[in-house]
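**Student:** Encoded as structure tokens, here's the structure I'll be asking about.
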Amino acid sequence: MRIDDNEGVSASSKHLVFAYYVTGHGFGHATRVVEVVRHLIAAGHDVHVVIGAPDFVFTSEIQSPRLKIRKVLLDCGAVQADALTVDRLASLEKVLTHVITCK
């Protein structure tokens, strides 16, 4: 389902502005957030999404001036051997490297 700004579900009597920060650890979080954002916009609210994923994840589904996207790397991601095993030392080193290089 795609929405355009002309379509809408019953608008809230109070206009709200949401800031939605989404982890950049894979596309799974972003694709799930699309549905929430779609409903907030359809209800007449503005949504500012802060994310590291590509814009098309949102803009292919939602075309509205109420959607604002800001690209930011929110986390460096965990270093994992598999889906359930986190290498804590390597993850910490990755975070420290990111902090040092971003200054």
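Chain lettering (A, B, ...) mirrors the order of the structure tokens, residue numbering begins at 1 for each chain separately, and ligand numbering begins at 1 in order of display.
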Mind the document's chain letters and residue numbers, and return as a PyMOL selection string the residues of range 1-99 of chain A that DSSP labels helix (DSSP H, G or I).

**Tutor:** chain A and resi 28-42+56-59+88-99

**Student:** Rounded to one decimal in Å, what is the spacing between CA of Thr31 in chain A and CA of Phe58 in chain A?

**Tutor:**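 Interatomic distance, CA of Thr31 in chain A to CA of Phe58 in chain A: 7.9 Å.
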
**Student:** Could you make a table, as JSON lines, of the residues of range 14-33 of chain A that have an atom within 10 Å of an atom of range 67-71 of chain A, each with its nearest atom pair and distance in Å to one decimal, counting only C-alpha atoms, in chain and number order?

**Tutor:**
{"residue": "A:Phe18", "atom": "CA", "partner": "A:Leu67", "partner_atom": "CA", "distance": 9.9}
{"residue": "A:Ala19", "atom": "CA", "partner": "A:Lys68", "partner_atom": "CA", "distance": 9.4}
{"residue": "A:Tyr20", "atom": "CA", "partner": "A:Ile69", "partner_atom": "CA", "distance": 9.6}
{"residue": "A:Tyr21", "atom": "CA", "partner": "A:Arg70", "partner_atom": "CA", "distance": 9.6}

**Student:** Using only N, CA, C and O atoms, please write the residues we just selected to a file, as a short mmCIF file (atom, residue, chain, number, x, y, z; two decimals), in the first residue's frame.

**Tutor:**
data_model
loop_
_atom_site.label_atom_id
_atom_site.label_comp_id
_atom_site.auth_asym_id
_atom_site.auth_seq_id
_atom_site.Cartn_x
_atom_site.Cartn_y
_atom_site.Cartn_z
N PHE A 18 6.70 14.04 15.11
CA PHE A 18 7.44 12.92 15.70
C PHE A 18 8.86 12.90 15.17
O PHE A 18 9.10 13.14 13.99
N ALA A 19 9.81 12.59 16.05
CA ALA A 19 11.18 12.30 15.66
C ALA A 19 11.38 10.82 15.92
O ALA A 19 11.22 10.35 17.04
N TYR A 20 11.69 10.07 14.88
CA TYR A 20 11.78 8.62 14.97
C TYR A 20 13.22 8.22 14.63
O TYR A 20 13.65 8.33 13.50
N TYR A 21 13.95 7.78 15.63
CA TYR A 21 15.33 7.34 15.45
C TYR A 21 15.35 5.83 15.25
O TYR A 21 14.82 5.09 16.07
#

**Student:** When distances are computed from only C-alpha atoms, which of A:Thr23, A:Ala81, A:Leu16, A:Ile62 shows the smallest separation from Glu35 in chain A?

**Tutor:**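 Result for the nearest residue to Glu35 in chain A: A:Ile62.
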
**Student:** Quick one: pull the distance between CA of Ser64 in chain A and CA of His29 in chain A, Å, one decimal.

**Tutor:**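 Separation of CA of Ser64 in chain A and CA of His29 in chain A: 20.8 Å.
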
**Student:** Please, which residues of range 15-70 of chain A, numbered as in this document, come out strand (DSSP E or B) from DSSP, as a PyMOL selection string?

**Tutor:** chain A and resi 17-21+46-51+62-63+67-70

**Student:** Applying 12 Å and only C-alpha atoms, which residues near Ala90 in chain A remain after dropping the ones on its own chain fewer than 2 positions away? List them as a list in words.

**Tutor:** Cys76, Gly77, Ala78, Val79, Gln80, Ala81, Thr85, Val86, Asp87, Arg88, Leu92, Glu93, Lys94, Val95, Leu96 and Thr97 of chain A
